[in-house]
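Contents: one structure, followed by commentary.
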Amino acid sequence: MRIWDGSEPWLITEYDDVRALLGDPRVSADATRAGYPISTVALRAAVQRNRPFMSMDDPEHAEYRRLLTGYFSVKRLERMRPRIQQTADRLLDEMLAQPIRAADLISAFALPLPSLVICELLGVPYAERDRFHRLAGTSISTVTSAEEAGMAAEELLGLIRAVVIERQAKPADDILSHLTQSGRLSVDEITGIGKILLMAGHETSANMISLGTALLLANPEQAAALRDDDDPSVVASAVEELLRFLTVVHHGRRRLAVADIEIGGVRIEAGEGLILAIETANRDPRAFPGDPDVLDIRRNARSHLAFAFGPHQCLGQTLARMELQVAYGTLFRRVPSLALATPVHELPFKHDMRIYGLHALPVTW
């Protein structure tokens with residue numbers, strides 16, 4: 001296929017092929033390599049200016065990842081579940097206490113919930129949330145110029161750098177403190193890691209909460225099945241199906257072949273770009289029997305690729321699953337009369353962002 005810069009990478013759409021290439025050592029995630037199919041001009045400029053660790057290959061990538069793994073372990077994150085639940089309940093208390101039975105669910109619930117969680121994990125002050133939401137939005141926009149994205153990225157890095165410097169002098173129990181005390185990274189390296197985690201930690205989960213809620217409200221029988229069953233496995237299953245069905249990263253996983261590869265009866269040569277369309281692979285009927293274009297919260301969808309696969313599989317997937325389980329379960333249990341205030345086709349979808357979602361979700365109850 002031909003992309004914005006005139007280059008012609010391979011578009012890989014079938015589940016088995018996408019999964020195989022995500023784990024193939026002959027495939028590079030290094031976005032600074034010649035031929036890498038970067039998704040926007042702004043992102044190319046950002047990566048060249050400050051390459052994130054997720055755009056590195058092993059062993060360099062693995063070294064950074066090992067420094068963070070402990071903070072994203074299942075055992076550690078499960079200890080956070082009660083606080084996440086308390087936060088969800090408090091946000092809904094505040095929303096339901098309003099005199100008018102209507103709200104934008106994103107500003108009232110979907111965005112502050114994961115933002116509070118990632119700020120606590122990182123050690124970034126939540127008081128700066130409006131600022132980093134604005135800067136993150138500018139950074140992932142597909143219509144932002146390279147200059148605008150660069151300015152937003154520098155401002156966001158400055159915000160995090162100030163926290164890193166403070167944590168050097170006064171460490172706390174958070175990720176940035178842990179990294180500063182490890183003695184293995186520079187301030188700039190820690191700042192870059194903090195930027196990636198801050199953006200990924202709230203943007204994807206917030207979009208999944210809002211988009212998943214809209215999808216469930218547009219499928220009332222599925223919403224009822226989620227709401228009326230007390231079995232926690234039903235909520236967990238619903239989360240996996242929503243992750244599969246929505247797959248909010250709609251620009252695929254970008255990669256570069258660093259050796260010749262034979263796959264799907266096609267020869268891909270070293271130096272050719274790859275776009276691994278996980279959003280399409282997650283609708284492959286051979287991987288997900290039945291009709292994968294129909295939402296079914298009781299489907300066994302755990303093998304989806306929404307968090308990718310292989311060495312670059314999402315580090316925060318356990319946290320994301322927990323946030324979504326708490327968010328959907330609490331929202332539909334506590335607000336059983338929740339309804340869309342705007343028809344689905346009139347909702348303001350994020351066609352202008354690299355991470356799909358909604359700009360607003362007006363609801364009533």
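Chain identifiers are assigned as A, B, and so on, following the order in which chains appear in the structure tokens; residues are numbered from 1 within each chain, and ligands are numbered from 1 in order of appearance.
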Identify, on the basis of only C-alpha atoms, every residue whose closest approach to stretch 27-35 of chain A does not exceed 12 Å; exclude the query and any residue fewer than 2 positions from it along the same chain; express the result as a ChimeraX atom specification.
/A:3,5-10,18-25,37-40,43-61,253-261,268-276,310-313
Could you pull out the strand (DSSP E or B) residues of stretch 95-215 of chain A, going by DSSP on the backbone, and write them as JSON, numbers by chain?
{"A": [102, 103, 104, 141]}
Using only C-alpha atoms: which of A:Glu128, A:Asp231, A:Glu155, A:Glu14 has the shortest distance to A:Phe288:
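Checking each candidate against A:Phe288, we get A:Glu14 as the closest.
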With a distance cut-off of 12 Å and only C-alpha atoms, select the neighbouring residues of A:Met353, excluding the residue or stretch itself and same-chain residues fewer than 2 positions from it, and output the selection as a PyMOL selection string.
chain A and resi 39-40+43+136-144+203-204+207+248-251+348-351+355-359
Residues just named, written with N, CA, C and O atoms as a compact mmCIF listing (two decimals), in the first residue's frame:
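Below is the file that was written, out.txt:
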# COMPACT_ATOMS: atom_id res chain seq x y z
N SER A 39 3.85 6.73 10.79
CA SER A 39 2.45 7.01 10.44
C SER A 39 2.15 8.47 10.13
O SER A 39 1.21 8.76 9.38
N THR A 40 2.90 9.42 10.69
CA THR A 40 2.65 10.83 10.41
C THR A 40 3.98 11.59 10.37
O THR A 40 4.97 11.16 10.97
N LEU A 43 5.02 12.53 13.91
CA LEU A 43 5.59 11.43 14.69
C LEU A 43 7.03 11.16 14.25
O LEU A 43 7.90 10.88 15.07
N ALA A 136 -0.90 15.92 25.25
CA ALA A 136 -0.96 14.56 24.70
C ALA A 136 -1.84 14.53 23.46
O ALA A 136 -1.51 13.88 22.46
N GLY A 137 -2.97 15.25 23.52
CA GLY A 137 -3.86 15.30 22.36
C GLY A 137 -3.19 15.90 21.15
O GLY A 137 -3.34 15.40 20.02
N THR A 138 -2.42 16.95 21.35
CA THR A 138 -1.69 17.57 20.25
C THR A 138 -0.65 16.61 19.69
O THR A 138 -0.44 16.52 18.47
N SER A 139 -0.01 15.87 20.56
CA SER A 139 1.07 14.97 20.15
C SER A 139 0.57 13.81 19.29
O SER A 139 1.30 13.34 18.40
N ILE A 140 -0.65 13.30 19.54
CA ILE A 140 -1.13 12.13 18.81
C ILE A 140 -2.11 12.49 17.69
O ILE A 140 -2.65 11.60 17.04
N SER A 141 -2.33 13.78 17.47
CA SER A 141 -3.22 14.21 16.39
C SER A 141 -2.59 13.90 15.04
O SER A 141 -1.38 14.08 14.85
N THR A 142 -3.41 13.49 14.09
CA THR A 142 -2.91 13.22 12.74
C THR A 142 -2.92 14.48 11.88
O THR A 142 -2.44 14.46 10.74
N VAL A 143 -3.47 15.56 12.39
CA VAL A 143 -3.54 16.81 11.62
C VAL A 143 -2.61 17.88 12.18
O VAL A 143 -2.54 18.99 11.67
N THR A 144 -1.90 17.55 13.24
CA THR A 144 -0.94 18.48 13.83
C THR A 144 0.31 18.58 12.97
O THR A 144 0.82 17.56 12.47
N GLU A 203 -4.45 7.75 27.77
CA GLU A 203 -5.11 7.96 26.48
C GLU A 203 -5.83 6.70 25.99
O GLU A 203 -7.01 6.76 25.62
N THR A 204 -5.16 5.56 26.01
CA THR A 204 -5.80 4.35 25.50
C THR A 204 -6.95 3.89 26.39
O THR A 204 -8.02 3.55 25.90
N ASN A 207 -10.03 6.20 26.09
CA ASN A 207 -10.75 5.96 24.84
C ASN A 207 -11.51 4.64 24.87
O ASN A 207 -12.62 4.54 24.34
N VAL A 248 -8.33 0.11 19.64
CA VAL A 248 -8.33 1.56 19.44
C VAL A 248 -7.09 2.13 18.75
O VAL A 248 -7.10 3.28 18.32
N VAL A 249 -6.00 1.34 18.64
CA VAL A 249 -4.85 1.81 17.87
C VAL A 249 -5.09 1.44 16.42
O VAL A 249 -4.89 0.30 16.00
N HIS A 250 -5.58 2.42 15.64
CA HIS A 250 -6.05 2.13 14.28
C HIS A 250 -5.02 2.38 13.19
O HIS A 250 -5.36 2.36 12.02
N HIS A 251 -3.79 2.63 13.55
CA HIS A 251 -2.76 2.82 12.53
C HIS A 251 -1.85 1.61 12.43
O HIS A 251 -0.78 1.67 11.83
N PRO A 348 -19.00 12.55 18.19
CA PRO A 348 -17.76 13.09 17.61
C PRO A 348 -16.59 12.12 17.76
O PRO A 348 -15.83 12.16 18.73
N PHE A 349 -16.44 11.24 16.78
CA PHE A 349 -15.39 10.24 16.82
C PHE A 349 -14.03 10.86 16.50
O PHE A 349 -13.93 11.85 15.78
N LYS A 350 -12.97 10.23 17.03
CA LYS A 350 -11.61 10.75 16.85
C LYS A 350 -10.99 10.24 15.55
O LYS A 350 -10.01 9.50 15.55
N HIS A 351 -11.54 10.69 14.43
CA HIS A 351 -10.94 10.33 13.15
C HIS A 351 -9.62 11.06 12.93
O HIS A 351 -8.88 10.73 12.00
N ILE A 355 -4.91 7.33 18.06
CA ILE A 355 -5.63 6.42 18.95
C ILE A 355 -7.10 6.76 18.85
O ILE A 355 -7.50 7.90 19.11
N TYR A 356 -7.92 5.79 18.46
CA TYR A 356 -9.33 6.04 18.16
C TYR A 356 -10.13 6.19 19.46
O TYR A 356 -9.77 5.64 20.49
N GLY A 357 -11.21 6.93 19.36
CA GLY A 357 -12.06 7.12 20.52
C GLY A 357 -13.14 8.16 20.22
O GLY A 357 -13.59 8.29 19.09
N LEU A 358 -13.54 8.86 21.26
CA LEU A 358 -14.56 9.90 21.15
C LEU A 358 -14.04 11.19 21.77
O LEU A 358 -13.38 11.16 22.81
N HIS A 359 -14.38 12.31 21.16
CA HIS A 359 -14.05 13.60 21.75
C HIS A 359 -15.00 13.94 22.90
O HIS A 359 -14.63 14.66 23.83
Identify which of the residues A:Gln85, A:Ser205, A:Ser145, A:Ser186 lies closest to A:Ser115, counting only C-alpha atoms when measuring atom-to-atom distances.
A:Ser205
Which is closest to A:Val344 among A:Ala108, A:Ile175, A:Ala103, A:Ala360, if we use only C-alpha atoms?
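That would be A:Ala360, the residue with the smallest distance to A:Val344.
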Between atom CA of A:Leu198 and atom CA of A:Phe307, what is the spacing in Å?
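We find that atom CA of A:Phe307 and atom CA of A:Leu198 lie 16.8 Å from each other.
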